[in-house]
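Novice: Next up is a structure, given as structure tokens.
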Amino acid sequence: MTSSKISLPFEIGLLAVLALLWGSSYLFIKIALTDIPPITLIAIRVGIASLFLFAVMSWRGERFPRDGKVIGMLLIQSVFNSLGAWTVLAWGQQHVESGLASVLNSTSPVFVFLFTALLTRHERIDRFRLAGACLGIAGVVLIVGPGALTGLGQHLGGQLAIITGAILYAGAAIYGRRFNTLPATVTAAATMIWASFFLIPASLVLDQPWTLTPSTPAILATLALSVFCTAIALLIYFRLLRTLGSMGVASQSYLRAGIGVLLGVLLLGESISPPVIGGILCTLVGVAIINLPLTFWQGSTSPSSKL
């Protein structure tokens, strides 16, 4: 599964960085949306990320694959990772409270586990990893507050849309391992270019972005979202797919809620309650259970099930 030469603490550190980048994206999106419509914001996000990643590719002397089959597969990855997931999540979050949305969106590791157990069996699955996935969700519930679940079952369409987004993220984590032979830069750039191919025309038709006059904070938030939370985050994401595997990289969804709370404490002086502390500990233990046992299977060449 993973190379025996990797440093697991370093990879877990990268997982925390990925969670920080994707967790902070909610703040940047909120700031940017004050002046920029959603479709245009996503189009700018993927467009700038495409340019940034292409520049990195050129600097490293890398090239896109010419195989038509691989190019088509990269389109599918783009649907899983950005086009489809971001669209349904944006729609769903208009109808669902943010706390409940966070819980529903954090279920992607569970779907990775189920798809792996029932369909792909591409990596190790066992009851410990399932326990880690469930513990992570419990931690997210504690962090956002158990009261967030009171809306479960209301606005069913929006909630199903968010769960669909989590399923697409799970699909991205599994399908993305098909590109292990490509540099992470190439995979990230290609998926963003495919997303740009569809989203930029949609923005031009629906929003007429040349009529917009965004504020400086909105512009800066969009730039941060595009470069750090998208381009650099995707480079880390595709690297971690090789080292931690599908479920390991999906487990970062548990860390995002805790990172949001800690940022509020450090930057905004917000207080933190004992249940939230307990939730953060649960997510950390859940992520550890999902990832740490990999050290016992680093010499294995074939996945196995211990359910």
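Each chain in the structure tokens gets a letter, A, B and so on, in the order shown; residues start at 1 in every chain, and ligands are counted from 1 in the order they appear.
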Just want the 8 Å neighbourhood of segment 31-36 of chain A, counted on only C-alpha atoms, with same-chain residues fewer than 3 positions away dropped. Output as a PDB file with N, CA and C atoms, in the first residue's frame.

Specialist:
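What ended up in result_21.pdb:
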```
ATOM      1  N   LEU A  27     -14.111  30.171   5.357  1.00  0.00           N
ATOM      2  CA  LEU A  27     -14.005  31.582   5.712  1.00  0.00           C
ATOM      3  C   LEU A  27     -13.787  32.431   4.466  1.00  0.00           C
ATOM      4  N   PHE A  28     -12.868  32.016   3.600  1.00  0.00           N
ATOM      5  CA  PHE A  28     -12.596  32.782   2.386  1.00  0.00           C
ATOM      6  C   PHE A  28     -13.809  32.815   1.461  1.00  0.00           C
ATOM      7  N   THR A  40     -19.439  32.198 -10.416  1.00  0.00           N
ATOM      8  CA  THR A  40     -18.266  32.968 -10.822  1.00  0.00           C
ATOM      9  C   THR A  40     -17.116  32.759  -9.846  1.00  0.00           C
ATOM     10  N   LEU A  41     -17.429  32.681  -8.554  1.00  0.00           N
ATOM     11  CA  LEU A  41     -16.379  32.458  -7.560  1.00  0.00           C
ATOM     12  C   LEU A  41     -15.678  31.123  -7.812  1.00  0.00           C
ATOM     13  N   LEU A 212     -19.284  43.032 -12.410  1.00  0.00           N
ATOM     14  CA  LEU A 212     -19.087  42.999 -10.964  1.00  0.00           C
ATOM     15  C   LEU A 212     -18.028  44.009 -10.527  1.00  0.00           C
ATOM     16  N   THR A 213     -18.180  44.508  -9.311  1.00  0.00           N
ATOM     17  CA  THR A 213     -17.178  45.414  -8.719  1.00  0.00           C
ATOM     18  C   THR A 213     -16.838  44.911  -7.313  1.00  0.00           C
ATOM     19  N   PRO A 214     -16.094  43.818  -7.225  1.00  0.00           N
ATOM     20  CA  PRO A 214     -15.783  43.229  -5.912  1.00  0.00           C
ATOM     21  C   PRO A 214     -14.869  44.117  -5.084  1.00  0.00           C
ATOM     22  N   SER A 215     -15.029  44.041  -3.780  1.00  0.00           N
ATOM     23  CA  SER A 215     -14.199  44.806  -2.853  1.00  0.00           C
ATOM     24  C   SER A 215     -12.821  44.178  -2.741  1.00  0.00           C
ATOM     25  N   PRO A 217     -11.284  43.099   0.060  1.00  0.00           N
ATOM     26  CA  PRO A 217     -11.307  41.860   0.849  1.00  0.00           C
ATOM     27  C   PRO A 217     -11.819  40.672   0.041  1.00  0.00           C
ATOM     28  N   ALA A 218     -12.824  40.882  -0.798  1.00  0.00           N
ATOM     29  CA  ALA A 218     -13.359  39.786  -1.606  1.00  0.00           C
ATOM     30  C   ALA A 218     -12.322  39.295  -2.613  1.00  0.00           C
ATOM     31  N   ILE A 219     -11.579  40.215  -3.203  1.00  0.00           N
ATOM     32  CA  ILE A 219     -10.538  39.835  -4.178  1.00  0.00           C
ATOM     33  C   ILE A 219      -9.427  39.054  -3.482  1.00  0.00           C
ATOM     34  N   ALA A 221      -9.609  37.385  -0.661  1.00  0.00           N
ATOM     35  CA  ALA A 221     -10.132  36.096  -0.226  1.00  0.00           C
ATOM     36  C   ALA A 221     -10.197  35.111  -1.392  1.00  0.00           C
ATOM     37  N   THR A 222     -10.574  35.591  -2.563  1.00  0.00           N
ATOM     38  CA  THR A 222     -10.648  34.739  -3.746  1.00  0.00           C
ATOM     39  C   THR A 222      -9.262  34.253  -4.152  1.00  0.00           C
TER      40      THR A 222
END
```

Novice: Please provide the set of residues having any atom within 9 Å of Asn105 of chain A, restricted to only C-alpha atoms, with same-chain residues fewer than 6 positions apart removed, written as a VMD selection string.

Specialist: chain A and resid 89 162 to 167 253

Novice: Let's have the selection written as a tab-separated table (two decimals), in the first residue's frame, with N, CA and C atoms.

Specialist:
```tsv
chain	number	residue	atom	x	y	z
A	89	LEU	N	-22.76	20.61	-3.14
A	89	LEU	CA	-22.55	21.15	-1.80
A	89	LEU	C	-23.00	22.61	-1.72
A	162	ILE	N	-25.87	17.38	0.26
A	162	ILE	CA	-24.61	17.42	1.00
A	162	ILE	C	-24.03	16.01	1.15
A	163	ILE	N	-24.91	15.04	1.42
A	163	ILE	CA	-24.43	13.65	1.50
A	163	ILE	C	-23.91	13.20	0.15
A	164	THR	N	-24.57	13.63	-0.92
A	164	THR	CA	-24.08	13.31	-2.27
A	164	THR	C	-22.69	13.89	-2.48
A	165	GLY	N	-22.46	15.10	-1.98
A	165	GLY	CA	-21.13	15.69	-2.06
A	165	GLY	C	-20.10	14.86	-1.31
A	166	ALA	N	-20.48	14.36	-0.13
A	166	ALA	CA	-19.57	13.50	0.63
A	166	ALA	C	-19.28	12.20	-0.12
A	167	ILE	N	-20.29	11.65	-0.80
A	167	ILE	CA	-20.10	10.44	-1.59
A	167	ILE	C	-19.16	10.72	-2.76
A	253	SER	N	-11.30	15.17	6.72
A	253	SER	CA	-12.58	15.86	6.89
A	253	SER	C	-12.96	15.98	8.37
```

Novice: What does the distance between atom CA of Leu114 of chain A and atom CA of Met192 of chain A come to in Å, to one decimal place?

Specialist: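 So the two atoms, atom CA of Leu114 of chain A and atom CA of Met192 of chain A, lie 27.5 Å apart.
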
Novice: Considering only C-alpha atoms, state which residue in the set A:Gly157, A:Gly248, A:Gly176, A:Gly278 is at the smallest distance from Val79 of chain A.

Specialist: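 Checking each of A:Gly157, A:Gly248, A:Gly176, A:Gly278 against Val79 of chain A, counting only C-alpha atoms, the winner is A:Gly176.
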
Novice: For Gly136 of chain A, list every protein, DNA or RNA residue within 10 Å, evaluated using only C-alpha atoms, and leave out those in the same chain fewer than 5 positions away; present the list as a list in words.

Specialist: Val103, Ser106, Thr107, Pro109, Val110, Leu130, Ala131, Val141, Leu142, Ser251, Gln252, Ser253, Tyr254, Leu255, Gly279, Ile280, Leu281, Cys282, Thr283, Leu284, Val285, Gly286, Val287, Ala288, Ile289 and Ile290 of chain A

Novice: Have a look at A:Ile39, A:Val227, A:Leu204, A:Leu240 and name the one nearest to Ser25 of chain A; count only C-alpha atoms.

Specialist: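 Ranked by minimum distance to Ser25 of chain A, first place goes to A:Val227.
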
Novice: Could you please determine the separation between atom CA of Val17 of chain A and atom CA of Ala184 of chain A in Å, to one decimal place?

Specialist: 16.4 Å

Novice: One decimal, in Å: what's the spacing between atom CA of Phe113 of chain A and atom CA of Met247 of chain A?

Specialist: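 Taking atom CA of Phe113 of chain A as the start and atom CA of Met247 of chain A as the end point, the length is 6.7 Å.
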
Novice: Find the residues near Phe179 of chain A: any atom within 12 Å, counting only C-alpha atoms, skip ones fewer than 5 places away on the same chain, and give them as a VMD selection string.

Specialist: chain A and resid 65 70 to 71 73 to 74 76 to 77 172 to 174 184 to 188 190 to 191 238 to 239 241 to 242

Novice: Mind listing the alpha helix (DSSP H) residues of segment 18-266 of chain A, per DSSP on the backbone, as a ChimeraX atom specification?

Specialist: /A:18-32,38-60,68-78,84-92,98-105,108-115,127-144,156-175,184-206,216-226,233-243,245-250,252-266

Novice: Which residue, A:Val276, A:Leu160, A:Leu223, A:Ile137, has the smallest gap to Trp91 of chain A when you use only C-alpha atoms?

Specialist: A:Leu160

Novice: Residues within 10 Å of Arg63 of chain A, please, as number ranges by chain. Count only C-alpha atoms; anything in the same chain fewer than 3 positions from it doesn't count.

Specialist: A: 54, 57-58, 60, 66, 182-183, 185-186

Novice: Using the selection just defined, write its residues with N, CA and C atoms as a compact mmCIF listing (two decimals), in the first residue's frame.

Specialist:
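This went into selection.txt:
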```txt
# COMPACT_ATOMS: atom_id res chain seq x y z
N PHE A 54 -0.28 25.00 -13.65
CA PHE A 54 0.40 24.88 -14.94
C PHE A 54 1.77 25.53 -14.89
N MET A 57 4.01 23.14 -13.17
CA MET A 57 4.34 22.07 -14.12
C MET A 57 5.44 22.51 -15.09
N SER A 58 5.29 23.70 -15.64
CA SER A 58 6.27 24.20 -16.61
C SER A 58 7.63 24.36 -15.95
N ARG A 60 8.80 22.66 -13.55
CA ARG A 60 9.36 21.34 -13.28
C ARG A 60 9.58 20.53 -14.56
N ARG A 66 -0.91 12.32 -23.07
CA ARG A 66 -1.52 12.42 -24.40
C ARG A 66 -2.49 11.29 -24.68
N LEU A 182 1.21 9.33 -12.36
CA LEU A 182 1.37 10.71 -12.80
C LEU A 182 1.88 11.57 -11.65
N PRO A 183 2.68 12.60 -11.93
CA PRO A 183 3.05 13.55 -10.88
C PRO A 183 1.80 14.21 -10.30
N THR A 185 1.37 17.16 -9.50
CA THR A 185 1.16 18.45 -10.17
C THR A 185 0.32 18.29 -11.43
N VAL A 186 0.62 17.26 -12.21
CA VAL A 186 -0.09 17.03 -13.47
C VAL A 186 -1.55 16.67 -13.20
```

Novice: Which is closer to Leu18 of chain A than all the others in A:Leu104, A:Leu206, A:Ala233, A:Leu262, using only C-alpha atoms?

Specialist: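 With only C-alpha atoms as the atom set, the closest residue is A:Ala233.
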